[in-house]
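Visitor: Input structure: protein_22.pdb, which contains PDB, C-alpha atoms.
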ATOM      1  CA  MET A   1    -122.763 -57.016  80.047
ATOM      2  CA  ALA A   2    -126.022 -55.070  80.195
ATOM      3  CA  ALA A   3    -127.954 -58.054  78.815
ATOM      4  CA  LEU A   4    -126.339 -60.387  81.350
ATOM      5  CA  ALA A   5    -127.141 -57.991  84.205
ATOM      6  CA  LEU A   6    -130.756 -57.725  83.001
ATOM      7  CA  SER A   7    -131.069 -61.499  82.742
ATOM      8  CA  VAL A   8    -129.768 -61.990  86.272
ATOM      9  CA  SER A   9    -132.015 -59.259  87.710
ATOM     10  CA  VAL A  10    -135.431 -60.102  86.275
ATOM     11  CA  GLY A  11    -137.592 -63.181  86.666
ATOM     12  CA  SER A  12    -140.396 -64.543  88.792
ATOM     13  CA  VAL A  13    -138.393 -63.131  91.746
ATOM     14  CA  ALA A  14    -136.829 -59.765  90.955
ATOM     15  CA  VAL A  15    -133.355 -58.853  92.181
ATOM     16  CA  SER A  16    -132.783 -55.123  92.594
ATOM     17  CA  PRO A  17    -129.531 -53.483  91.393
ATOM     18  CA  ALA A  18    -128.552 -52.891  95.030
ATOM     19  CA  GLU A  19    -129.040 -56.568  95.878
ATOM     20  CA  LEU A  20    -127.146 -57.592  92.754
ATOM     21  CA  TRP A  21    -124.256 -55.323  93.748
ATOM     22  CA  GLU A  22    -124.205 -56.815  97.234
ATOM     23  CA  VAL A  23    -124.031 -60.329  95.781
ATOM     24  CA  ALA A  24    -121.213 -59.258  93.432
ATOM     25  CA  LEU A  25    -119.258 -58.027  96.452
ATOM     26  CA  GLY A  26    -119.760 -61.357  98.215
ATOM     27  CA  ARG A  27    -122.375 -60.064 100.593
ATOM     28  CA  GLY A  28    -126.186 -60.161 100.517
ATOM     29  CA  ASP A  29    -128.615 -62.634 102.012
ATOM     30  CA  ALA A  30    -128.395 -66.366 101.351
ATOM     31  CA  LEU A  31    -131.522 -66.463  99.159
ATOM     32  CA  SER A  32    -130.214 -63.759  96.810
ATOM     33  CA  ARG A  33    -126.799 -65.419  96.556
ATOM     34  CA  THR A  34    -128.351 -68.802  95.744
ATOM     35  CA  LEU A  35    -130.761 -67.313  93.207
ATOM     36  CA  VAL A  36    -128.096 -65.270  91.424
ATOM     37  CA  LEU A  37    -124.946 -67.385  91.652
ATOM     38  CA  GLU A  38    -126.363 -70.901  91.413
ATOM     39  CA  LEU A  39    -129.388 -70.426  89.146
ATOM     40  CA  ARG A  40    -129.359 -67.282  87.027
ATOM     41  CA  VAL A  41    -125.668 -66.608  86.362
ATOM     42  CA  PRO A  42    -124.915 -70.131  85.016
ATOM     43  CA  ARG A  43    -128.061 -70.011  82.878
ATOM     44  CA  ALA A  44    -127.266 -66.539  81.511
ATOM     45  CA  LEU A  45    -123.668 -67.504  80.702
ATOM     46  CA  SER A  46    -124.857 -70.726  79.052
ATOM     47  CA  ALA A  47    -127.300 -68.720  76.938
ATOM     48  CA  PHE A  48    -124.532 -66.291  75.960
ATOM     49  CA  ALA A  49    -122.177 -69.124  74.995
ATOM     50  CA  THR A  50    -124.865 -70.985  73.028
ATOM     51  CA  GLY A  51    -125.923 -67.905  71.083
ATOM     52  CA  GLY A  52    -122.319 -67.033  70.279
ATOM     53  CA  LEU A  53    -121.578 -70.582  69.102
ATOM     54  CA  LEU A  54    -124.621 -70.676  66.813
ATOM     55  CA  ALA A  55    -123.922 -67.231  65.361
ATOM     56  CA  LEU A  56    -120.279 -68.138  64.701
ATOM     57  CA  ALA A  57    -121.305 -71.399  63.033
ATOM     58  CA  GLY A  58    -123.789 -69.532  60.850
ATOM     59  CA  ALA A  59    -121.224 -66.903  59.831
ATOM     60  CA  LEU A  60    -118.673 -69.587  58.884
ATOM     61  CA  MET A  61    -121.238 -71.533  56.851
ATOM     62  CA  GLN A  62    -122.281 -68.371  55.033
ATOM     63  CA  VAL A  63    -118.650 -67.683  54.111
ATOM     64  CA  LEU A  64    -118.191 -71.240  52.893
ATOM     65  CA  LEU A  65    -121.387 -71.249  50.813
ATOM     66  CA  ARG A  66    -121.366 -67.555  49.889
ATOM     67  CA  ASN A  67    -125.066 -67.585  50.729
ATOM     68  CA  PRO A  68    -126.753 -65.431  53.414
ATOM     69  CA  LEU A  69    -129.432 -68.129  53.890
ATOM     70  CA  ALA A  70    -126.952 -70.685  55.262
ATOM     71  CA  ASP A  71    -127.533 -71.579  58.893
ATOM     72  CA  PRO A  72    -126.851 -74.673  61.068
ATOM     73  CA  TYR A  73    -130.583 -75.095  61.688
ATOM     74  CA  VAL A  74    -131.691 -74.679  58.060
ATOM     75  CA  LEU A  75    -128.911 -76.888  56.642
ATOM     76  CA  GLY A  76    -129.641 -79.750  59.011
ATOM     77  CA  LEU A  77    -126.571 -79.530  61.268
ATOM     78  CA  SER A  78    -128.724 -78.918  64.333
ATOM     79  CA  GLY A  79    -130.957 -81.852  63.394
ATOM     80  CA  GLY A  80    -127.994 -84.198  62.984
ATOM     81  CA  ALA A  81    -126.517 -83.051  66.295
ATOM     82  CA  ALA A  82    -129.889 -83.527  68.022
ATOM     83  CA  VAL A  83    -130.206 -87.095  66.682
ATOM     84  CA  GLY A  84    -126.700 -87.926  67.881
ATOM     85  CA  ALA A  85    -127.304 -86.444  71.328
ATOM     86  CA  LEU A  86    -130.708 -88.147  71.726
ATOM     87  CA  ALA A  87    -129.253 -91.505  70.699
ATOM     88  CA  ALA A  88    -126.591 -91.189  73.403
ATOM     89  CA  MET A  89    -129.215 -90.157  75.973
ATOM     90  CA  LEU A  90    -131.479 -93.107  75.132
ATOM     91  CA  ALA A  91    -128.497 -95.441  75.458
ATOM     92  CA  GLY A  92    -128.031 -94.189  79.009
ATOM     93  CA  LEU A  93    -124.759 -92.422  78.238
ATOM     94  CA  GLY A  94    -123.808 -88.953  79.413
ATOM     95  CA  GLY A  95    -121.201 -86.233  79.631
ATOM     96  CA  ALA A  96    -118.572 -86.206  76.906
ATOM     97  CA  VAL A  97    -120.233 -89.102  75.035
ATOM     98  CA  ILE A  98    -123.330 -86.991  74.371
ATOM     99  CA  SER A  99    -121.175 -84.131  73.064
ATOM    100  CA  GLY A 100    -119.169 -86.547  70.902
ATOM    101  CA  SER A 101    -122.342 -88.113  69.503
ATOM    102  CA  ALA A 102    -123.773 -84.671  68.738
ATOM    103  CA  PHE A 103    -120.540 -83.699  66.950
ATOM    104  CA  ALA A 104    -120.614 -86.909  64.905
ATOM    105  CA  GLY A 105    -124.247 -86.244  63.958
ATOM    106  CA  ALA A 106    -123.553 -82.646  62.940
ATOM    107  CA  LEU A 107    -120.489 -83.615  60.884
ATOM    108  CA  ALA A 108    -122.389 -86.461  59.200
ATOM    109  CA  SER A 109    -125.190 -84.061  58.338
ATOM    110  CA  THR A 110    -122.709 -81.556  56.875
ATOM    111  CA  LEU A 111    -121.027 -84.178  54.693
ATOM    112  CA  MET A 112    -124.411 -85.569  53.620
ATOM    113  CA  VAL A 113    -125.757 -82.170  52.583
ATOM    114  CA  PHE A 114    -122.644 -81.229  50.627
ATOM    115  CA  GLY A 115    -122.319 -84.675  49.064
ATOM    116  CA  LEU A 116    -125.940 -84.811  47.921
ATOM    117  CA  ALA A 117    -125.981 -81.210  46.713
ATOM    118  CA  HIS A 118    -122.768 -81.647  44.726
ATOM    119  CA  GLY A 119    -123.718 -84.897  43.001
ATOM    120  CA  THR A 120    -121.779 -85.331  39.771
ATOM    121  CA  GLY A 121    -121.560 -81.615  39.062
ATOM    122  CA  SER A 122    -121.106 -78.393  40.977
ATOM    123  CA  TRP A 123    -123.563 -77.244  43.591
ATOM    124  CA  THR A 124    -125.485 -73.998  43.442
ATOM    125  CA  PRO A 125    -126.689 -72.052  46.493
ATOM    126  CA  ALA A 126    -130.327 -72.901  45.726
ATOM    127  CA  ARG A 127    -129.549 -76.604  45.280
ATOM    128  CA  LEU A 128    -127.547 -76.685  48.506
ATOM    129  CA  LEU A 129    -130.261 -74.881  50.444
ATOM    130  CA  LEU A 130    -132.961 -77.238  49.161
ATOM    131  CA  THR A 131    -130.828 -80.277  50.023
ATOM    132  CA  GLY A 132    -130.254 -78.913  53.522
ATOM    133  CA  VAL A 133    -133.971 -78.381  54.076
ATOM    134  CA  VAL A 134    -134.737 -81.942  52.935
ATOM    135  CA  VAL A 135    -131.983 -83.441  55.127
ATOM    136  CA  ALA A 136    -133.248 -81.392  58.078
ATOM    137  CA  ALA A 137    -136.732 -82.800  57.475
ATOM    138  CA  GLY A 138    -135.243 -86.287  57.432
ATOM    139  CA  TRP A 139    -133.526 -85.721  60.772
ATOM    140  CA  GLY A 140    -136.838 -84.440  62.098
ATOM    141  CA  ALA A 141    -138.468 -87.735  61.112
ATOM    142  CA  VAL A 142    -135.702 -89.678  62.883
ATOM    143  CA  VAL A 143    -136.198 -87.554  66.016
ATOM    144  CA  THR A 144    -139.955 -88.278  65.902
ATOM    145  CA  LEU A 145    -139.255 -92.005  65.613
ATOM    146  CA  MET A 146    -136.868 -91.873  68.577
ATOM    147  CA  LEU A 147    -139.452 -90.031  70.657
ATOM    148  CA  ALA A 148    -142.123 -92.569  69.696
ATOM    149  CA  VAL A 149    -140.068 -95.456  71.062
ATOM    150  CA  SER A 150    -138.775 -93.607  74.140
ATOM    151  CA  PRO A 151    -140.022 -94.378  77.671
ATOM    152  CA  ALA A 152    -143.035 -92.237  78.558
ATOM    153  CA  GLU A 153    -141.401 -90.706  81.625
ATOM    154  CA  ARG A 154    -138.577 -89.228  79.489
ATOM    155  CA  LEU A 155    -140.773 -87.651  76.819
ATOM    156  CA  PRO A 156    -141.626 -84.259  78.437
ATOM    157  CA  GLY A 157    -137.981 -83.406  79.162
ATOM    158  CA  MET A 158    -136.813 -84.570  75.724
ATOM    159  CA  LEU A 159    -139.508 -82.585  73.924
ATOM    160  CA  TYR A 160    -138.734 -79.415  75.862
ATOM    161  CA  TRP A 161    -135.017 -79.881  75.228
ATOM    162  CA  LEU A 162    -135.629 -80.298  71.486
ATOM    163  CA  MET A 163    -137.467 -76.957  71.411
ATOM    164  CA  GLY A 164    -134.478 -75.235  73.013
ATOM    165  CA  ASP A 165    -134.322 -75.228  76.782
ATOM    166  CA  LEU A 166    -131.774 -73.627  79.101
ATOM    167  CA  SER A 167    -133.472 -74.630  82.360
ATOM    168  CA  TYR A 168    -130.858 -77.275  83.142
ATOM    169  CA  ALA A 169    -127.816 -75.510  81.664
ATOM    170  CA  ARG A 170    -125.515 -75.319  84.680
ATOM    171  CA  ALA A 171    -122.012 -75.753  83.232
ATOM    172  CA  PRO A 172    -121.156 -72.820  80.955
ATOM    173  CA  GLY A 173    -117.386 -73.327  81.218
ATOM    174  CA  TYR A 174    -116.911 -75.684  78.267
ATOM    175  CA  PRO A 175    -119.071 -73.791  75.722
ATOM    176  CA  LEU A 176    -117.503 -70.478  76.781
ATOM    177  CA  ALA A 177    -114.004 -71.934  76.380
ATOM    178  CA  LEU A 178    -114.883 -73.275  72.913
ATOM    179  CA  LEU A 179    -116.367 -69.915  71.912
ATOM    180  CA  LEU A 180    -113.218 -68.060  72.988
ATOM    181  CA  GLY A 181    -110.944 -70.608  71.338
ATOM    182  CA  VAL A 182    -112.717 -70.433  67.974
ATOM    183  CA  CYS A 183    -112.693 -66.623  68.062
ATOM    184  CA  LEU A 184    -108.924 -66.690  68.640
ATOM    185  CA  LEU A 185    -108.496 -69.241  65.846
ATOM    186  CA  ALA A 186    -110.720 -67.373  63.387
ATOM    187  CA  PHE A 187    -108.977 -64.010  63.724
ATOM    188  CA  PRO A 188    -105.684 -65.038  62.025
ATOM    189  CA  LEU A 189    -107.742 -66.799  59.355
ATOM    190  CA  GLY A 190    -109.724 -63.628  58.662
ATOM    191  CA  ARG A 191    -107.815 -62.683  55.503
ATOM    192  CA  SER A 192    -108.198 -66.157  54.006
ATOM    193  CA  LEU A 193    -111.904 -66.195  54.874
ATOM    194  CA  ASN A 194    -112.353 -62.796  53.211
ATOM    195  CA  VAL A 195    -110.817 -64.151  50.009
ATOM    196  CA  LEU A 196    -112.778 -67.421  50.193
ATOM    197  CA  ALA A 197    -115.992 -65.405  50.422
ATOM    198  CA  ARG A 198    -115.263 -64.157  46.905
ATOM    199  CA  GLY A 199    -115.104 -67.671  45.482
ATOM    200  CA  ALA A 200    -112.977 -70.802  45.651
ATOM    201  CA  LEU A 201    -111.268 -70.231  42.297
ATOM    202  CA  GLN A 202    -110.241 -66.684  43.142
ATOM    203  CA  ALA A 203    -109.046 -67.793  46.581
ATOM    204  CA  ALA A 204    -106.913 -70.560  45.040
ATOM    205  CA  ALA A 205    -105.470 -68.116  42.498
ATOM    206  CA  LEU A 206    -104.448 -65.813  45.354
ATOM    207  CA  GLY A 207    -102.612 -68.556  47.203
ATOM    208  CA  VAL A 208    -105.234 -69.723  49.731
ATOM    209  CA  ALA A 209    -105.183 -73.453  50.535
ATOM    210  CA  VAL A 210    -108.881 -73.805  49.728
ATOM    211  CA  ARG A 211    -109.493 -77.471  50.520
ATOM    212  CA  PRO A 212    -107.870 -77.458  54.011
ATOM    213  CA  LEU A 213    -109.668 -74.208  54.809
ATOM    214  CA  GLU A 214    -113.012 -75.659  53.726
ATOM    215  CA  TRP A 215    -112.453 -78.750  55.865
ATOM    216  CA  THR A 216    -111.539 -76.504  58.793
ATOM    217  CA  ILE A 217    -114.848 -74.673  58.363
ATOM    218  CA  TYR A 218    -116.787 -77.971  58.071
ATOM    219  CA  ILE A 219    -115.319 -79.381  61.275
ATOM    220  CA  THR A 220    -115.427 -76.110  63.212
ATOM    221  CA  ALA A 221    -119.067 -75.375  62.318
ATOM    222  CA  SER A 222    -120.019 -78.952  63.247
ATOM    223  CA  GLY A 223    -118.231 -78.698  66.595
ATOM    224  CA  LEU A 224    -119.821 -75.337  67.395
ATOM    225  CA  THR A 225    -123.289 -76.644  66.543
ATOM    226  CA  ALA A 226    -122.759 -79.838  68.551
ATOM    227  CA  MET A 227    -121.691 -77.935  71.672
ATOM    228  CA  ALA A 228    -124.651 -75.549  71.324
ATOM    229  CA  VAL A 229    -127.109 -78.450  70.919
ATOM    230  CA  THR A 230    -125.750 -80.376  73.902
ATOM    231  CA  THR A 231    -125.924 -77.210  76.028
ATOM    232  CA  ALA A 232    -129.408 -75.974  75.158
ATOM    233  CA  GLY A 233    -131.077 -78.291  72.660
ATOM    234  CA  SER A 234    -132.099 -77.354  69.137
ATOM    235  CA  ILE A 235    -132.358 -73.566  68.790
ATOM    236  CA  GLY A 236    -132.978 -72.210  65.317
ATOM    237  CA  PHE A 237    -132.240 -69.116  63.274
ATOM    238  CA  VAL A 238    -129.639 -67.445  65.548
ATOM    239  CA  GLY A 239    -126.970 -68.334  62.996
ATOM    240  CA  LEU A 240    -129.104 -66.823  60.240
ATOM    241  CA  VAL A 241    -130.247 -63.545  61.783
ATOM    242  CA  VAL A 242    -127.116 -62.354  63.577
ATOM    243  CA  PRO A 243    -124.486 -62.552  60.776
ATOM    244  CA  HIS A 244    -126.880 -60.993  58.277
ATOM    245  CA  MET A 245    -127.701 -58.050  60.530
ATOM    246  CA  LEU A 246    -124.049 -57.471  61.391
ATOM    247  CA  ARG A 247    -123.019 -57.453  57.728
ATOM    248  CA  LEU A 248    -125.498 -54.635  57.128
ATOM    249  CA  VAL A 249    -123.679 -52.607  59.796
ATOM    250  CA  LEU A 250    -120.029 -53.724  59.630
ATOM    251  CA  GLY A 251    -119.550 -54.855  56.041
ATOM    252  CA  ASN A 252    -118.003 -58.180  55.016
ATOM    253  CA  ASP A 253    -114.637 -58.167  56.795
ATOM    254  CA  GLN A 254    -114.591 -61.503  58.640
ATOM    255  CA  ARG A 255    -112.000 -60.182  61.107
ATOM    256  CA  LEU A 256    -114.790 -57.956  62.425
ATOM    257  CA  ILE A 257    -117.817 -60.112  61.672
ATOM    258  CA  LEU A 258    -116.728 -63.279  63.512
ATOM    259  CA  PRO A 259    -115.946 -61.772  66.948
ATOM    260  CA  ALA A 260    -118.966 -59.482  66.563
ATOM    261  CA  CYS A 261    -121.133 -62.577  65.912
ATOM    262  CA  ALA A 262    -119.891 -64.117  69.154
ATOM    263  CA  LEU A 263    -120.946 -61.020  71.112
ATOM    264  CA  ALA A 264    -124.185 -60.267  69.273
ATOM    265  CA  GLY A 265    -125.333 -63.894  69.089
ATOM    266  CA  GLY A 266    -124.721 -64.357  72.787
ATOM    267  CA  THR A 267    -126.512 -61.122  73.622
ATOM    268  CA  LEU A 268    -129.496 -62.049  71.440
ATOM    269  CA  LEU A 269    -129.957 -65.428  73.098
ATOM    270  CA  VAL A 270    -129.535 -63.988  76.600
ATOM    271  CA  LEU A 271    -132.323 -61.496  75.870
ATOM    272  CA  ALA A 272    -134.478 -64.186  74.212
ATOM    273  CA  ASP A 273    -134.044 -66.484  77.209
ATOM    274  CA  THR A 274    -134.886 -63.630  79.584
ATOM    275  CA  LEU A 275    -138.072 -63.022  77.605
ATOM    276  CA  ALA A 276    -138.891 -66.744  77.620
ATOM    277  CA  ARG A 277    -138.512 -66.839  81.416
ATOM    278  CA  THR A 278    -140.575 -63.733  82.144
ATOM    279  CA  LEU A 279    -143.280 -63.562  79.480
ATOM    280  CA  ILE A 280    -145.689 -65.899  81.280
ATOM    281  CA  ALA A 281    -143.811 -66.236  84.607
ATOM    282  CA  PRO A 282    -143.686 -68.357  86.668
ATOM    283  CA  GLU A 283    -144.174 -70.674  83.661
ATOM    284  CA  GLN A 284    -141.351 -70.735  81.111
ATOM    285  CA  LEU A 285    -141.388 -70.860  77.335
ATOM    286  CA  PRO A 286    -138.751 -72.743  75.307
ATOM    287  CA  VAL A 287    -136.203 -70.204  74.094
ATOM    288  CA  GLY A 288    -136.365 -71.817  70.640
ATOM    289  CA  VAL A 289    -139.891 -70.432  70.289
ATOM    290  CA  ILE A 290    -138.631 -66.871  70.747
ATOM    291  CA  THR A 291    -135.759 -67.246  68.276
ATOM    292  CA  ALA A 292    -138.070 -68.861  65.699
ATOM    293  CA  LEU A 293    -140.496 -65.931  65.965
ATOM    294  CA  LEU A 294    -137.544 -63.649  65.134
ATOM    295  CA  GLY A 295    -135.887 -65.910  62.585
ATOM    296  CA  VAL A 296    -138.743 -67.079  60.380
ATOM    297  CA  PRO A 297    -139.719 -63.579  59.123
ATOM    298  CA  THR A 298    -136.039 -62.778  58.563
ATOM    299  CA  PHE A 299    -135.522 -65.998  56.605
ATOM    300  CA  LEU A 300    -138.577 -65.322  54.426
ATOM    301  CA  TYR A 301    -137.402 -61.755  53.791
ATOM    302  CA  LEU A 302    -133.935 -62.954  52.739
ATOM    303  CA  LEU A 303    -135.449 -65.657  50.553
ATOM    304  CA  TYR A 304    -137.661 -63.055  48.876
ATOM    305  CA  ARG A 305    -134.719 -60.736  48.249
ATOM    306  CA  SER A 306    -132.580 -63.532  46.733
ATOM    307  CA  ARG A 307    -135.263 -64.821  44.368
TER     308      ARG A 307
END
Once more with this new file: its structure as structure tokens, please.

Guide:
Amino acid sequence: MAALALSVSVGSVAVSPAELWEVALGRGDALSRTLVLELRVPRALSAFATGGLLALAGALMQVLLRNPLADPYVLGLSGGAAVGALAAMLAGLGGAVISGSAFAGALASTLMVFGLAHGTGSWTPARLLLTGVVVAAGWGAVVTLMLAVSPAERLPGMLYWLMGDLSYARAPGYPLALLLGVCLLAFPLGRSLNVLARGALQAAALGVAVRPLEWTIYITASGLTAMAVTTAGSIGFVGLVVPHMLRLVLGNDQRLILPACALAGGTLLVLADTLARTLIAPEQLPVGVITALLGVPTFLYLLYRSR
């Protein structure tokens, strides 16, 4: 709540706490109401929903892979979702079709990474991570090709969106509803996820239906990533940083980690977007730049620790 209030208050035009309180009560001047209710509140809520979705997707992937380096961005899910969404945009489609295309791209990327990493034997965390990085690079090449053949007038908006942009995020209802729904779904599955984190064989021995649970995680993580990408573009490393930091504080109980990821991931992206809006105001930075500056050192530190 404090992060949301800060995000709504600061910017190229500051809104004082008194003015914010007046707007909350339904009073205040027309300019303040328009600025807060039509511009900043939808953007702040969209940032919160997107950060929560990415952090939840990262936490679920890390449980599935038993690897703290797993993340929708690193494993190529974000790249697949971006390709799907861009293809729908270039075809002149919109709305639910873009979200469906992004979901299909994210799910295809997930299945591709796991299929290639598994091969004829069992996958290892290092093999899976390397496969994800290569697939992500492949999606990046496809995105570059799509940009090269796109009409010139669309390029600036598409490039900014690919770097993570919340400037046009005006409909936070759907991502917030998905975030709440997945949190409610994940809580009763917390015990099974705790056991799965110890290994598939041990989970099966203790009565967990491993294969349906794994497919649930695949589809859920793909859907979360797709909704985040269609809301704000490709934003990296939120799903890597947040679950790792929370595990240092809360331990490994998924009944605590998953709802905490929704709150902490949303808060992180709200603060990152606030920084992106104000750092060189009135110009705006892509929020993906801010999260990458936080995520890259964290990723390298984790990679060094797991060598």

Visitor: Smallest atom-to-atom distance to Arg277 in chain A: which of A:Val149, A:Val10, A:Leu196, A:Ala3, using only C-alpha atoms?

Guide: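 Using only C-alpha atoms, Arg277 in chain A sits closest to A:Val10.
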
Visitor: So which one's closest to Gly266 in chain A, A:Gly52, A:Gly28, A:Gly164, A:Pro72? Using only C-alpha atoms, please.

Guide: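 Comparing A:Gly52, A:Gly28, A:Gly164, A:Pro72 against Gly266 in chain A, the winner is A:Gly52.
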
Visitor: Going by the chain IDs and residue numbers used in this file, which residues fall under the PyMOL selection byres ((chain A and resi 235-249) around 7)? Write them as a ChimeraX atom specification.

Guide: /A:51,54-59,68-73,163-164,233-234,250-252,257,261,264-265,288,291-292,295,298

Visitor: Filtering to C-alpha atoms, could you give me those residues as a short mmCIF file (atom, residue, chain, number, x, y, z; two decimals), keeping the file's coordinate frame?

Guide:
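Output below, filename selection.cif:
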data_model
loop_
_atom_site.label_atom_id
_atom_site.label_comp_id
_atom_site.auth_asym_id
_atom_site.auth_seq_id
_atom_site.Cartn_x
_atom_site.Cartn_y
_atom_site.Cartn_z
CA GLY A 51 -125.92 -67.90 71.08
CA LEU A 54 -124.62 -70.68 66.81
CA ALA A 55 -123.92 -67.23 65.36
CA LEU A 56 -120.28 -68.14 64.70
CA ALA A 57 -121.30 -71.40 63.03
CA GLY A 58 -123.79 -69.53 60.85
CA ALA A 59 -121.22 -66.90 59.83
CA PRO A 68 -126.75 -65.43 53.41
CA LEU A 69 -129.43 -68.13 53.89
CA ALA A 70 -126.95 -70.68 55.26
CA ASP A 71 -127.53 -71.58 58.89
CA PRO A 72 -126.85 -74.67 61.07
CA TYR A 73 -130.58 -75.10 61.69
CA MET A 163 -137.47 -76.96 71.41
CA GLY A 164 -134.48 -75.24 73.01
CA GLY A 233 -131.08 -78.29 72.66
CA SER A 234 -132.10 -77.35 69.14
CA LEU A 250 -120.03 -53.72 59.63
CA GLY A 251 -119.55 -54.86 56.04
CA ASN A 252 -118.00 -58.18 55.02
CA ILE A 257 -117.82 -60.11 61.67
CA CYS A 261 -121.13 -62.58 65.91
CA ALA A 264 -124.18 -60.27 69.27
CA GLY A 265 -125.33 -63.89 69.09
CA GLY A 288 -136.36 -71.82 70.64
CA THR A 291 -135.76 -67.25 68.28
CA ALA A 292 -138.07 -68.86 65.70
CA GLY A 295 -135.89 -65.91 62.58
CA THR A 298 -136.04 -62.78 58.56
#

Visitor: Given only C-alpha atoms as the basis, pick out the residue of A:Leu20, A:Leu45, A:Met227, A:Ile98 nearest to Leu178 in chain A.

Guide: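 Of all the options, A:Met227 lies closest to Leu178 in chain A.
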
Visitor: Rank A:Ser46, A:Thr225, A:Ser9, A:Thr34 by their smallest atom-to-atom distance to Leu269 in chain A, using all atoms listed in the file, and report the top residue only.

Guide: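 For Leu269 in chain A, the nearest of the given residues is A:Ser46.
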
Visitor: Just to confirm, what's the straight-line distance from CA of Ser99 in chain A to CA of Ser150 in chain A in Å (one decimal)?

Guide: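 Going from CA of Ser99 in chain A over to CA of Ser150 in chain A, I get 20.0 Å.
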
Visitor: Given the file above and the PyMOL selection byres ((chain A and resi 231) around 8), which residues are selected, and can you give them as a ChimeraX atom specification?

Guide: /A:46,50,166,169,175,227-230,232-233

Visitor: For range 269-288 of chain A, what centre and edge lengths in Å (one decimal) does the axis-aligned box get once 3 Å is added on each side of all its listed atoms, as AutoDock Vina command-line options?

Guide:
--center_x -137.6 --center_y -67.1 --center_z 78.7 --size_x 22.2 --size_y 17.2 --size_z 22.0

Visitor: Determine, counting all atoms listed in the file, which protein, DNA and RNA residues have an atom within 9 Å of an atom of Leu77 in chain A; residues of the same chain fewer than 6 positions away are not included. Present the result as a list of chain:residue names.

Guide: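 Contacts, in chain order: A:Asp71, A:Gly105, A:Ala106, A:Leu107, A:Ala108, A:Ser109, A:Thr110, A:Gly132, A:Ala136, A:Ala221, A:Ser222, A:Thr225, A:Ala226.
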
Visitor: Show me, as a PyMOL selection string, the residues that have an atom within 8 Å of Val113 in chain A when counting all atoms listed in the file, minus same-chain residues fewer than 6 positions from it.

Guide: chain A and resi 75-76+128+131-132+135

Visitor: Rounded to one decimal, what separation in Å do you get between CA of Arg198 in chain A and CA of Leu64 in chain A?

Guide: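 Pair CA of Arg198 in chain A / CA of Leu64 in chain A returns 9.7 Å.
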
Visitor: Please indicate the distance in Å from CA of Arg305 in chain A to CA of Leu201 in chain A, rounded to one decimal place.

Guide: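 Between CA of Arg305 in chain A and CA of Leu201 in chain A the gap is 26.0 Å.
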
Visitor: Mind checking which residues fall within 10 Å of Ser167 in chain A, counting all atoms listed in the file, ignoring those fewer than 4 positions away in the same chain, and posting them as a PyMOL selection string?

Guide: chain A and resi 39-40+43+160-161+232+273+277+284+286-287

Visitor: Select, from A:Trp139, A:Trp215, A:Phe48, A:Tyr174, the residue with the minimum atom-to-atom distance to Gly79 in chain A, counting only C-alpha atoms.

Guide: A:Trp139

Visitor: From the block you just saw, export range 157-168 of chain A: N, CA and C atoms, as a compact mmCIF listing (two decimals), in the first residue's frame.

Guide:
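Output below, filename result-v5.txt:
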# COMPACT_ATOMS: atom_id res chain seq x y z
N GLY A 157 7.12 2.09 -30.83
CA GLY A 157 6.25 1.54 -29.79
C GLY A 157 6.55 0.09 -29.49
N MET A 158 6.83 -0.71 -30.53
CA MET A 158 7.13 -2.13 -30.33
C MET A 158 8.44 -2.31 -29.58
N LEU A 159 9.45 -1.52 -29.91
CA LEU A 159 10.73 -1.62 -29.22
C LEU A 159 10.60 -1.26 -27.74
N TYR A 160 9.87 -0.18 -27.47
CA TYR A 160 9.70 0.24 -26.08
C TYR A 160 8.92 -0.81 -25.31
N TRP A 161 7.90 -1.38 -25.94
CA TRP A 161 7.11 -2.42 -25.29
C TRP A 161 7.97 -3.65 -24.98
N LEU A 162 8.86 -4.02 -25.90
CA LEU A 162 9.72 -5.18 -25.68
C LEU A 162 10.68 -4.98 -24.52
N MET A 163 11.04 -3.74 -24.24
CA MET A 163 11.94 -3.45 -23.11
C MET A 163 11.18 -3.38 -21.78
N GLY A 164 9.87 -3.51 -21.82
CA GLY A 164 9.07 -3.42 -20.61
C GLY A 164 8.54 -2.02 -20.44
N ASP A 165 7.28 -1.83 -20.76
CA ASP A 165 6.71 -0.48 -20.75
C ASP A 165 5.30 -0.53 -20.18
N LEU A 166 5.04 0.29 -19.17
CA LEU A 166 3.73 0.35 -18.55
C LEU A 166 2.98 1.63 -18.89
N SER A 167 3.47 2.38 -19.89
CA SER A 167 2.86 3.66 -20.22
C SER A 167 1.42 3.52 -20.68
N TYR A 168 1.12 2.40 -21.37
CA TYR A 168 -0.22 2.23 -21.92
C TYR A 168 -1.02 1.16 -21.18
